[in-house]
Structures are given as structure tokens and as C-alpha cells.
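Everything below belongs to work06.pdb, which stores PDB, C-alpha atoms and all ligand atoms.
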```
ATOM      1  CA  MET A   2     -63.277  28.578 158.863
ATOM      2  CA  SER A   3     -60.144  30.601 158.346
ATOM      3  CA  LEU A   4     -60.632  34.289 159.019
ATOM      4  CA  LEU A   5     -58.256  35.300 156.276
ATOM      5  CA  MET A   6     -59.504  33.079 153.516
ATOM      6  CA  ASP A   7     -60.138  34.746 150.172
ATOM      7  CA  GLN A   8     -59.733  38.264 151.547
ATOM      8  CA  SER A   9     -57.613  40.695 149.615
ATOM      9  CA  ALA A  10     -55.496  43.355 151.323
ATOM     10  CA  GLU A  11     -58.024  45.957 150.176
ATOM     11  CA  GLU A  12     -60.922  44.067 151.726
ATOM     12  CA  LEU A  13     -58.980  43.677 154.929
ATOM     13  CA  GLU A  14     -58.501  47.442 155.102
ATOM     14  CA  CYS A  15     -62.303  47.759 155.320
ATOM     15  CA  GLY A  16     -62.382  45.845 158.586
ATOM     16  CA  MET A  17     -59.882  47.838 160.619
ATOM     17  CA  ASP A  18     -61.953  47.430 163.763
ATOM     18  CA  ASN A  19     -61.138  43.722 163.653
ATOM     19  CA  PRO A  20     -58.744  43.123 166.589
ATOM     20  CA  VAL A  21     -56.715  40.624 164.597
ATOM     21  CA  LEU A  22     -55.779  42.852 161.676
ATOM     22  CA  PRO A  23     -53.112  45.009 163.356
ATOM     23  CA  PHE A  24     -51.051  41.856 163.869
ATOM     24  CA  LEU A  25     -51.055  40.761 160.227
ATOM     25  CA  ARG A  26     -48.940  41.719 157.252
ATOM     26  CA  LYS A  27     -51.831  42.581 155.014
ATOM     27  CA  ASP A  28     -49.627  42.774 151.947
ATOM     28  CA  ARG A  29     -49.029  39.029 152.311
ATOM     29  CA  ILE A  30     -52.750  38.210 152.024
ATOM     30  CA  PRO A  31     -54.312  36.058 150.583
ATOM     31  CA  HIS A  32     -52.577  33.254 152.419
ATOM     32  CA  ILE A  33     -51.781  29.796 151.064
ATOM     33  CA  TRP A  34     -53.955  27.711 153.414
ATOM     34  CA  CYS A  35     -56.705  25.517 151.973
ATOM     35  CA  PRO A  36     -60.419  26.133 152.641
ATOM     36  CA  GLY A  37     -61.302  24.555 155.988
ATOM     37  CA  CYS A  38     -57.697  24.371 157.205
ATOM     38  CA  GLY A  39     -57.431  24.975 160.931
ATOM     39  CA  ILE A  40     -54.127  26.852 160.921
ATOM     40  CA  GLY A  41     -55.737  30.261 160.275
ATOM     41  CA  THR A  42     -58.023  29.786 163.266
ATOM     42  CA  THR A  43     -55.017  29.268 165.524
ATOM     43  CA  VAL A  44     -53.420  32.409 164.093
ATOM     44  CA  ASN A  45     -56.603  34.289 164.960
ATOM     45  CA  SER A  46     -56.260  33.092 168.580
ATOM     46  CA  PHE A  47     -52.571  34.018 168.609
ATOM     47  CA  CYS A  48     -53.281  37.545 167.370
ATOM     48  CA  ARG A  49     -55.877  37.979 170.110
ATOM     49  CA  ALA A  50     -53.339  36.722 172.644
ATOM     50  CA  LEU A  51     -50.822  39.276 171.393
ATOM     51  CA  GLY A  52     -53.394  42.028 171.862
ATOM     52  CA  ASP A  53     -54.590  40.818 175.253
ATOM     53  CA  SER A  54     -51.049  40.432 176.574
ATOM     54  CA  GLY A  55     -50.360  44.142 176.118
ATOM     55  CA  MET A  56     -46.773  43.273 175.242
ATOM     56  CA  ASP A  57     -44.565  45.495 173.114
ATOM     57  CA  LEU A  58     -44.597  43.880 169.675
ATOM     58  CA  ASP A  59     -41.040  45.094 169.103
ATOM     59  CA  LYS A  60     -40.042  42.726 171.905
ATOM     60  CA  ILE A  61     -41.640  39.630 170.372
ATOM     61  CA  ALA A  62     -40.115  37.542 167.586
ATOM     62  CA  ILE A  63     -41.699  34.546 165.855
ATOM     63  CA  VAL A  64     -39.825  31.638 164.321
ATOM     64  CA  SER A  65     -41.264  28.906 162.093
ATOM     65  CA  GLY A  66     -39.861  25.855 160.370
ATOM     66  CA  ILE A  67     -41.069  24.372 157.090
ATOM     67  CA  GLY A  68     -44.604  23.242 156.325
ATOM     68  CA  CYS A  69     -48.094  24.682 156.058
ATOM     69  CA  THR A  70     -47.929  25.995 159.640
ATOM     70  CA  GLY A  71     -44.424  27.237 158.973
ATOM     71  CA  ARG A  72     -45.883  29.939 156.745
ATOM     72  CA  THR A  73     -47.356  31.638 159.812
ATOM     73  CA  ALA A  74     -44.217  33.607 160.634
ATOM     74  CA  GLY A  75     -44.441  35.378 157.287
ATOM     75  CA  TYR A  76     -48.032  36.503 157.828
ATOM     76  CA  LEU A  77     -47.562  38.063 161.247
ATOM     77  CA  ASN A  78     -46.529  41.660 161.714
ATOM     78  CA  LEU A  79     -43.658  40.757 164.024
ATOM     79  CA  ASP A  80     -39.957  40.283 163.525
ATOM     80  CA  SER A  81     -40.034  36.826 162.021
ATOM     81  CA  PHE A  82     -37.842  34.007 160.770
ATOM     82  CA  HIS A  83     -39.010  31.316 158.359
ATOM     83  CA  THR A  84     -36.235  28.812 158.924
ATOM     84  CA  THR A  85     -35.126  25.397 157.684
ATOM     85  CA  HIS A  86     -37.048  22.179 158.247
ATOM     86  CA  GLY A  87     -37.099  21.112 161.888
ATOM     87  CA  ARG A  88     -34.713  23.846 162.996
ATOM     88  CA  ALA A  89     -37.059  26.502 164.325
ATOM     89  CA  ILE A  90     -36.108  25.761 167.940
ATOM     90  CA  PRO A  91     -32.321  26.129 167.393
ATOM     91  CA  PHE A  92     -32.914  29.439 165.576
ATOM     92  CA  ALA A  93     -35.192  30.555 168.410
ATOM     93  CA  THR A  94     -32.623  29.515 171.002
ATOM     94  CA  GLY A  95     -29.910  31.545 169.295
ATOM     95  CA  LEU A  96     -32.202  34.523 169.016
ATOM     96  CA  LYS A  97     -33.118  34.390 172.715
ATOM     97  CA  LEU A  98     -29.526  34.017 173.868
ATOM     98  CA  ALA A  99     -28.297  36.820 171.620
ATOM     99  CA  ASN A 100     -31.060  39.153 172.749
ATOM    100  CA  PRO A 101     -32.525  38.172 176.142
ATOM    101  CA  ASP A 102     -34.893  41.144 175.829
ATOM    102  CA  LEU A 103     -37.004  39.246 173.334
ATOM    103  CA  LYS A 104     -39.936  36.942 173.933
ATOM    104  CA  VAL A 105     -39.323  34.324 171.268
ATOM    105  CA  VAL A 106     -42.197  32.220 169.927
ATOM    106  CA  VAL A 107     -41.807  29.097 167.796
ATOM    107  CA  TYR A 108     -44.898  28.427 165.694
ATOM    108  CA  SER A 109     -44.745  25.248 163.642
ATOM    109  CA  GLY A 110     -46.398  21.972 162.738
ATOM    110  CA  ASP A 111     -46.260  18.547 164.350
ATOM    111  CA  GLY A 112     -44.067  17.028 161.652
ATOM    112  CA  ASP A 113     -41.578  19.884 161.700
ATOM    113  CA  LEU A 114     -41.326  20.108 165.484
ATOM    114  CA  THR A 115     -41.474  16.475 166.556
ATOM    115  CA  ALA A 116     -39.997  14.479 163.657
ATOM    116  CA  ILE A 117     -36.993  16.197 162.092
ATOM    117  CA  GLY A 118     -37.011  18.717 164.937
ATOM    118  CA  GLY A 119     -37.740  16.212 167.699
ATOM    119  CA  ASN A 120     -34.261  16.232 169.158
ATOM    120  CA  HIS A 121     -34.241  20.020 169.410
ATOM    121  CA  PHE A 122     -37.658  19.947 171.043
ATOM    122  CA  MET A 123     -36.547  17.538 173.768
ATOM    123  CA  HIS A 124     -33.360  19.379 174.617
ATOM    124  CA  ALA A 125     -34.869  22.860 174.651
ATOM    125  CA  ALA A 126     -37.475  21.571 177.130
ATOM    126  CA  ARG A 127     -34.791  19.792 179.179
ATOM    127  CA  ARG A 128     -32.733  22.974 179.375
ATOM    128  CA  ASN A 129     -35.836  25.048 180.104
ATOM    129  CA  MET A 130     -34.916  27.425 177.322
ATOM    130  CA  ASP A 131     -37.052  30.533 177.718
ATOM    131  CA  ILE A 132     -39.127  30.188 174.542
ATOM    132  CA  MET A 133     -42.785  29.475 173.773
ATOM    133  CA  VAL A 134     -43.497  26.640 171.336
ATOM    134  CA  VAL A 135     -46.890  26.448 169.639
ATOM    135  CA  CYS A 136     -47.428  23.174 167.774
ATOM    136  CA  ILE A 137     -50.304  22.961 165.313
ATOM    137  CA  ASN A 138     -51.089  19.252 165.289
ATOM    138  CA  ASN A 139     -53.061  18.032 162.273
ATOM    139  CA  PHE A 140     -51.664  14.491 162.457
ATOM    140  CA  THR A 141     -49.931  14.630 159.087
ATOM    141  CA  TYR A 142     -47.410  16.370 156.850
ATOM    142  CA  GLY A 143     -49.578  18.817 154.932
ATOM    143  CA  MET A 144     -47.281  20.702 152.604
ATOM    144  CA  THR A 145     -45.394  17.660 151.351
ATOM    145  CA  GLY A 146     -48.445  15.533 150.574
ATOM    146  CA  GLY A 147     -49.879  13.731 153.611
ATOM    147  CA  GLN A 148     -47.088  11.458 154.811
ATOM    148  CA  VAL A 149     -47.283   9.692 158.163
ATOM    149  CA  ALA A 150     -46.097  11.874 161.072
ATOM    150  CA  PRO A 151     -44.981  11.052 164.631
ATOM    151  CA  THR A 152     -48.420  12.290 165.716
ATOM    152  CA  THR A 153     -50.507  10.175 163.318
ATOM    153  CA  PRO A 154     -52.605   7.879 165.510
ATOM    154  CA  LEU A 155     -52.862   4.144 164.882
ATOM    155  CA  GLY A 156     -55.249   3.372 162.040
ATOM    156  CA  PRO A 157     -55.739   6.154 159.485
ATOM    157  CA  THR A 158     -54.202   5.915 156.039
ATOM    158  CA  GLN A 159     -51.492   8.282 154.884
ATOM    159  CA  THR A 160     -49.667   8.446 151.563
ATOM    160  CA  THR A 161     -46.801   6.517 153.143
ATOM    161  CA  MET A 162     -49.169   4.212 155.077
ATOM    162  CA  PRO A 163     -51.751   3.286 152.430
ATOM    163  CA  PHE A 164     -53.075   0.344 154.460
ATOM    164  CA  GLY A 165     -53.322   2.321 157.713
ATOM    165  CA  ASN A 166     -50.752   3.534 160.215
ATOM    166  CA  PHE A 167     -49.266   0.858 162.450
ATOM    167  CA  GLU A 168     -46.688   3.052 164.261
ATOM    168  CA  SER A 169     -47.319   4.330 167.770
ATOM    169  CA  SER A 170     -47.631   8.094 167.984
ATOM    170  CA  PHE A 171     -46.290  10.683 170.396
ATOM    171  CA  ASN A 172     -48.401  12.000 173.244
ATOM    172  CA  LEU A 173     -46.992  15.515 172.835
ATOM    173  CA  PRO A 174     -48.009  17.006 176.207
ATOM    174  CA  PHE A 175     -46.477  14.001 177.977
ATOM    175  CA  LEU A 176     -43.285  14.362 175.950
ATOM    176  CA  ALA A 177     -43.001  18.069 176.771
ATOM    177  CA  ASP A 178     -43.816  17.452 180.440
ATOM    178  CA  ALA A 179     -41.332  14.588 180.780
ATOM    179  CA  CYS A 180     -38.583  16.674 179.200
ATOM    180  CA  GLY A 181     -39.145  19.535 181.647
ATOM    181  CA  ALA A 182     -41.475  22.118 180.102
ATOM    182  CA  VAL A 183     -42.830  24.538 182.699
ATOM    183  CA  TYR A 184     -46.157  25.155 180.960
ATOM    184  CA  VAL A 185     -48.026  22.540 178.925
ATOM    185  CA  ALA A 186     -51.512  22.888 177.435
ATOM    186  CA  ARG A 187     -53.593  21.361 174.682
ATOM    187  CA  TRP A 188     -56.611  22.889 172.964
ATOM    188  CA  THR A 189     -58.329  22.462 169.603
ATOM    189  CA  VAL A 190     -59.564  24.937 167.015
ATOM    190  CA  TYR A 191     -63.016  24.530 168.554
ATOM    191  CA  HIS A 192     -61.616  26.048 171.789
ATOM    192  CA  VAL A 193     -60.581  29.386 170.318
ATOM    193  CA  ARG A 194     -60.959  31.404 173.525
ATOM    194  CA  GLN A 195     -59.142  28.868 175.687
ATOM    195  CA  LEU A 196     -56.406  28.659 173.071
ATOM    196  CA  ALA A 197     -56.004  32.439 173.024
ATOM    197  CA  LYS A 198     -55.880  32.482 176.842
ATOM    198  CA  ALA A 199     -53.222  29.751 176.892
ATOM    199  CA  MET A 200     -51.176  31.665 174.325
ATOM    200  CA  LYS A 201     -51.441  34.833 176.399
ATOM    201  CA  GLU A 202     -50.335  32.935 179.513
ATOM    202  CA  GLY A 203     -47.529  31.374 177.518
ATOM    203  CA  LEU A 204     -46.308  34.773 176.346
ATOM    204  CA  GLN A 205     -46.142  35.896 179.959
ATOM    205  CA  LYS A 206     -44.516  32.740 181.324
ATOM    206  CA  LYS A 207     -40.777  32.421 181.824
ATOM    207  CA  GLY A 208     -39.266  29.162 180.616
ATOM    208  CA  PHE A 209     -40.105  26.497 178.047
ATOM    209  CA  VAL A 210     -43.792  26.721 177.199
ATOM    210  CA  PHE A 211     -45.537  24.130 175.046
ATOM    211  CA  ILE A 212     -49.013  24.601 173.594
ATOM    212  CA  GLU A 213     -50.532  21.966 171.313
ATOM    213  CA  ALA A 214     -53.385  23.130 169.090
ATOM    214  CA  MET A 215     -55.271  20.349 167.309
ATOM    215  CA  ALA A 216     -56.412  21.466 163.869
ATOM    216  CA  PRO A 217     -57.977  19.838 160.815
ATOM    217  CA  CYS A 218     -56.171  19.215 157.536
ATOM    218  CA  PRO A 219     -59.226  18.601 155.340
ATOM    219  CA  THR A 220     -57.264  18.479 152.094
ATOM    220  CA  LEU A 221     -55.126  15.488 153.008
ATOM    221  CA  TYR A 222     -55.798  13.808 156.353
ATOM    222  CA  SER A 223     -59.577  14.235 156.447
ATOM    223  CA  ARG A 224     -60.263  13.584 152.775
ATOM    224  CA  ARG A 225     -58.041  10.542 152.628
ATOM    225  CA  ASN A 226     -59.794   9.050 155.668
ATOM    226  CA  ARG A 227     -63.319  10.166 154.676
ATOM    227  CA  LEU A 228     -63.686  12.366 157.761
ATOM    228  CA  GLY A 229     -65.565  15.139 155.994
ATOM    229  CA  ASP A 230     -64.530  18.758 155.713
ATOM    230  CA  GLY A 231     -62.965  21.155 158.201
ATOM    231  CA  VAL A 232     -66.287  21.856 159.887
ATOM    232  CA  ASP A 233     -66.868  18.130 160.421
ATOM    233  CA  GLN A 234     -63.524  17.906 162.178
ATOM    234  CA  VAL A 235     -64.352  20.883 164.388
ATOM    235  CA  LYS A 236     -67.608  19.111 165.308
ATOM    236  CA  TYR A 237     -65.539  16.067 166.249
ATOM    237  CA  PHE A 238     -63.278  18.255 168.412
ATOM    238  CA  LYS A 239     -66.347  19.724 170.096
ATOM    239  CA  GLU A 240     -68.161  16.444 170.714
ATOM    240  CA  ARG A 241     -65.257  14.314 171.901
ATOM    241  CA  SER A 242     -63.271  16.825 173.988
ATOM    242  CA  THR A 243     -63.245  16.907 177.758
ATOM    243  CA  ILE A 244     -61.519  19.668 179.717
ATOM    244  CA  LYS A 245     -59.293  18.278 182.462
ATOM    245  CA  ASN A 246     -56.980  20.971 183.785
ATOM    246  CA  GLY A 247     -54.082  19.602 185.811
ATOM    247  CA  VAL A 248     -54.544  15.990 184.691
ATOM    248  CA  ASP A 249     -51.473  13.743 184.476
ATOM    249  CA  THR A 250     -50.090  14.140 180.950
ATOM    250  CA  LYS A 251     -49.488  10.406 180.609
ATOM    251  CA  ASP A 252     -53.286  10.065 180.438
ATOM    252  CA  VAL A 253     -53.864  12.455 177.509
ATOM    253  CA  GLY A 254     -52.657  10.322 174.581
ATOM    254  CA  LEU A 255     -54.771  10.525 171.434
ATOM    255  CA  THR A 256     -56.434   7.761 169.430
ATOM    256  CA  TYR A 257     -57.923   7.877 165.945
ATOM    257  CA  GLN A 258     -61.174   9.886 166.154
ATOM    258  CA  GLY A 259     -61.315   8.956 169.855
ATOM    259  CA  ASP A 260     -61.818  10.994 172.992
ATOM    260  CA  ILE A 261     -59.668  14.113 173.436
ATOM    261  CA  VAL A 262     -58.463  15.520 176.736
ATOM    262  CA  VAL A 263     -57.793  19.259 176.604
ATOM    263  CA  GLY A 264     -56.728  21.774 179.214
ATOM    264  CA  LYS A 265     -53.792  23.309 180.998
ATOM    265  CA  PHE A 266     -51.861  20.309 182.245
ATOM    266  CA  VAL A 267     -48.649  21.792 183.656
ATOM    267  CA  ASP A 268     -47.831  25.202 185.146
ATOM    268  CA  ARG A 269     -44.712  25.204 187.321
ATOM    269  CA  ASP A 270     -41.477  27.120 187.760
ATOM    270  CA  ARG A 271     -37.855  26.086 187.557
ATOM    271  CA  PRO A 272     -34.675  27.938 186.582
ATOM    272  CA  THR A 273     -34.286  28.699 182.896
ATOM    273  CA  TRP A 274     -31.105  27.793 181.042
ATOM    274  CA  MET A 275     -29.873  31.357 181.416
ATOM    275  CA  ASP A 276     -30.692  31.432 185.132
ATOM    276  CA  SER A 277     -28.761  28.194 185.619
ATOM    277  CA  MET A 278     -25.794  29.441 183.624
ATOM    278  CA  ASN A 279     -25.640  32.704 185.582
ATOM    279  CA  ASP A 280     -25.982  30.894 188.877
ATOM    280  CA  HIS A 281     -23.277  28.410 187.980
ATOM    281  CA  PHE A 282     -20.722  30.893 186.684
ATOM    282  CA  GLY A 283     -21.529  33.294 189.499
ATOM    283  CA  LYS A 284     -20.487  30.602 191.962
ATOM    284  CA  VAL A 285     -17.454  29.462 189.977
ATOM    285  CA  LEU A 286     -16.083  32.887 189.011
ATOM    286  CA  GLY A 287     -17.489  35.135 191.740
ATOM    287  CA  ASP A 288     -17.051  38.873 191.145
ATOM    288  CA  LYS A 289     -15.216  38.224 187.889
ATOM    289  CA  TYR A 290     -18.470  37.070 186.315
ATOM    290  CA  GLU A 291     -20.844  39.607 184.829
ATOM    291  CA  THR A 292     -24.371  38.227 184.901
ATOM    292  CA  TYR A 293     -25.657  37.755 181.364
ATOM    293  CA  GLY A 294     -29.007  39.308 180.562
ATOM    294  CA  ALA A 295     -29.204  40.624 184.124
ATOM    295  CA  HIS A 296     -31.661  43.338 183.269
ATOM    296  CA  HIS A 297     -34.050  41.042 181.448
ATOM    297  CA  GLY A 298     -36.890  38.904 182.667
TER
HETATM  298 FE1  LIG A 301     -53.983  23.112 155.843
HETATM  299 FE2  LIG A 301     -53.712  20.568 155.053
HETATM  300 FE3  LIG A 301     -54.087  22.494 153.236
HETATM  301 FE4  LIG A 301     -51.782  22.338 154.587
HETATM  302  S1  LIG A 301     -52.580  20.813 153.120
HETATM  303  S2  LIG A 301     -52.949  24.225 154.187
HETATM  304  S3  LIG A 301     -52.469  21.649 156.609
HETATM  305  S4  LIG A 301     -55.541  21.851 154.805
END
```

Now, as a test, write the supplied structure out as C-alpha cells.
Amino acid sequence: MSLLMDQSAEELECGMDNPVLPFLRKDRIPHIWCPGCGIGTTVNSFCRALGDSGMDLDKIAIVSGIGCTGRTAGYLNLDSFHTTHGRAIPFATGLKLANPDLKVVVYSGDGDLTAIGGNHFMHAARRNMDIMVVCINNFTYGMTGGQVAPTTPLGPTQTTMPFGNFESSFNLPFLADACGAVYVARWTVYHVRQLAKAMKEGLQKKGFVFIEAMAPCPTLYSRRNRLGDGVDQVKYFKERSTIKNGVDTKDVGLTYQGDIVVGKFVDRDRPTWMDSMNDHFGKVLGDKYETYGAHHG
């Protein structure tokens, strides 16, 4: 399923008409992802979004935390940071505030972003920090061996839940919406075009953007729960997904192998953290205050 699987840098050179290749660091190929992993498919959509957006790649930076998805930053031909576990959003926040010219993208997994990084996620959304967060949700910790995650639905076994998960899981779009994100969408690796379109819209949106991309982890989650290979999981995404743009995010929670609601759920505007800061200090200090990042969108 992954575009990049088993391709050497030399083989990649042969396909230079492929629209994805200009966005990859070919010297870093082959990648580490398992056969059937969905992460590479999301990277394909992201590369297409980069191309379709027409944005200057020198003005885009990508930040990842730790985990299988966290390796993405190292494969993309952008200025990139592969940071510590759960801390991609604080790094991204610092980057954005130090250089308001940049469009900063966080690209990480569900465990990294919503467990150890959960606090950062909530507060960046609350502040409407001008960053785009892409969360690859495969319902487990991949790199560390298949432990239960805050996104694991009730029921399936994990290495730390050998008799089945009994903890409630996060509804990530609802969490992002409730905390104040201005753009919230969910797609799966079956919906590659919609995912690319959402990523393009996210790149062009000002404020805290959250995009959830559901993806299979066949090596751990699927195998442990006898769900078949990566293709079987994509078939599940196809058969059980319903597109409901604009639906209330409280109604899009996920259950184990149950129905999936996908779509663009939230698209609104409110002042970013930097807008609010400038507005506040402009009022308090008047002419003595020099607007920060005044020339940047
Ligand atoms: Fe993908 Fe799972 Fe393999 Fe990690 S362990 S690369 S998430 S299939």
C-alpha cells in the first residue's frame, strides 16, 4: 500500500514524473514502515497537498514527535524537526513564534499527540496557535510494541490490555473542536483525495488546524486482533465510512470495527494567539507597541 515501500533511491530517480517525489528526501529511502502500514499513504496525500497548495516550500516547516509516524519529518524535503516524545506541538509553537513567516505543520501519531502530548494539544487549540496538526490514528503505539493508546476503542487487545481494552477512548475531532480548533476534519487512508484536499485547505488556513487520518497498523493492532492485513483494514474503512461534512463532532466517536464518520466537521475563524497578543498589547501600550509579525499572515 505504501508508495515508497521497497524502492531504492535509484529506482525512485526513474519515476521523476511522479508528483510526490520532489517532496521526498530520496537519500532517506527505503523507509522504516512495515508492509501494509498506512502512514506512507498519508505522506503521499500530504505531498500532493504541498504541490497543489503552490506554497513556497522554504516557508513550510514540519515537526514530528516520536513513533512510527514521527519518522515522517525526516523523509520530507522540508525544513524538519524530529523532536522528543509528545513535544512536537511545543517545538512547533516556538518555531512559529520565532518566525511568523513559516507555515508550521505537526505530523505525528495518536499516542504521541494525545497521550504524552495531550496537554500541549489542548492548549495549542485553546490558544488558536497558528499551526496545522496532522494526527495519524492507528489506535495503538506502533514503534514501542502495541501498547494501549488514548485512541484504542473499547474491546481490542493490546500488549498492555491482553484481555481487551476497557478504557474509554478520545473522540479526537470532538476534543479539538471543544478546545477551539478552527478547522477539524477526519479522513482515512481509503479517502486519499479527500485527505489531500483537507491537508491543502489546512495549509492555507490561519489558526489551529486538526486533521485526523485513520490508518492501519497491520503489524501490531491488526495482527493481534485478527483483522487481516493492511488491505483488509482499508476495505473496512471503505465499507463502514460515511461522509458527513459539518456534523456535530460529539457524534463522530469511534467504536471497535464500527461505523466511521468522516468529513470536514469544523471550518471557522477566530483570532490566533498572535492576533490576540497584538490586539491586547496594542490597546495597553498604544503607539509604544510594535506589532509582532505585522507583515505576516
Ligand atoms: Fe506502521 Fe504499525 Fe509497522 Fe509502525 S508498527 S510502521 S504503525 S505497521

Target residues per the PyMOL selection byres (((chain A and resi 87) around 12) and not hetatm), formatted as an MDAnalysis selection string = chainID A and resid 64:68 71 83:86 88:93 107:122

Please indicate the distance in Å from atom CA of Asp270 of chain A to atom CA of Val185 of chain A, rounded to one decimal place.
->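 Answer for the atom CA of Asp270 of chain A to atom CA of Val185 of chain A separation: 11.9 Å.
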
Output of the PyMOL selection byres (((chain A and resi 139) around 10) and not hetatm), listed as a list in words =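 Applied to this file, the PyMOL selection byres (((chain A and resi 139) around 10) and not hetatm) selects Cys38, Gly39, Ile40, Thr70, Gly110, Asp111, Gly112, Cys136, Ile137, Asn138, Phe140, Thr141, Tyr142, Gly143, Ala150, Thr152, Thr153, Ala214, Met215, Ala216, Pro217, Cys218, Pro219, Leu221, Tyr222 and Ser223 of chain A.
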
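From atom CA of Arg49 of chain A back to atom CA of Cys35 of chain A, the distance works out to 22.0 Å.
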
Between atom CA of Ser54 of chain A and atom CA of Glu202 of chain A, distance in Å (one decimal) |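 It comes out at 8.1 Å.
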
Can you take the partial segment 124-135 of chain A, add N, CA, C and O atoms, and return it as a tab-separated table (two decimals), in the frame of the given file?
```
chain	number	residue	atom	x	y	z
A	124	HIS	N	-34.46	18.75	173.88
A	124	HIS	CA	-33.36	19.38	174.62
A	124	HIS	C	-33.66	20.82	175.02
A	124	HIS	O	-33.19	21.28	176.06
A	125	ALA	N	-34.47	21.51	174.23
A	125	ALA	CA	-34.87	22.86	174.65
A	125	ALA	C	-35.76	22.78	175.89
A	125	ALA	O	-35.64	23.60	176.81
A	126	ALA	N	-36.63	21.76	175.94
A	126	ALA	CA	-37.48	21.57	177.13
A	126	ALA	C	-36.61	21.16	178.33
A	126	ALA	O	-36.80	21.65	179.45
A	127	ARG	N	-35.68	20.25	178.10
A	127	ARG	CA	-34.79	19.79	179.18
A	127	ARG	C	-34.01	20.96	179.77
A	127	ARG	O	-33.88	21.09	181.00
A	128	ARG	N	-33.53	21.83	178.90
A	128	ARG	CA	-32.73	22.97	179.38
A	128	ARG	C	-33.61	24.08	179.95
A	128	ARG	O	-33.10	25.04	180.51
A	129	ASN	N	-34.90	23.97	179.77
A	129	ASN	CA	-35.84	25.05	180.10
A	129	ASN	C	-35.42	26.36	179.43
A	129	ASN	O	-35.30	27.41	180.06
A	130	MET	N	-35.20	26.24	178.12
A	130	MET	CA	-34.92	27.42	177.32
A	130	MET	C	-36.15	28.32	177.35
A	130	MET	O	-37.28	27.84	177.26
A	131	ASP	N	-35.94	29.60	177.53
A	131	ASP	CA	-37.05	30.53	177.72
A	131	ASP	C	-37.69	30.90	176.37
A	131	ASP	O	-37.51	32.02	175.87
A	132	ILE	N	-38.41	29.95	175.79
A	132	ILE	CA	-39.13	30.19	174.54
A	132	ILE	C	-40.53	29.56	174.65
A	132	ILE	O	-40.75	28.68	175.47
A	133	MET	N	-41.42	30.04	173.81
A	133	MET	CA	-42.78	29.48	173.77
A	133	MET	C	-42.95	28.74	172.45
A	133	MET	O	-42.71	29.31	171.39
A	134	VAL	N	-43.33	27.46	172.54
A	134	VAL	CA	-43.50	26.64	171.34
A	134	VAL	C	-44.98	26.33	171.14
A	134	VAL	O	-45.61	25.73	172.01
A	135	VAL	N	-45.51	26.77	170.01
A	135	VAL	CA	-46.89	26.45	169.64
A	135	VAL	C	-46.83	25.42	168.52
A	135	VAL	O	-46.24	25.66	167.47
```
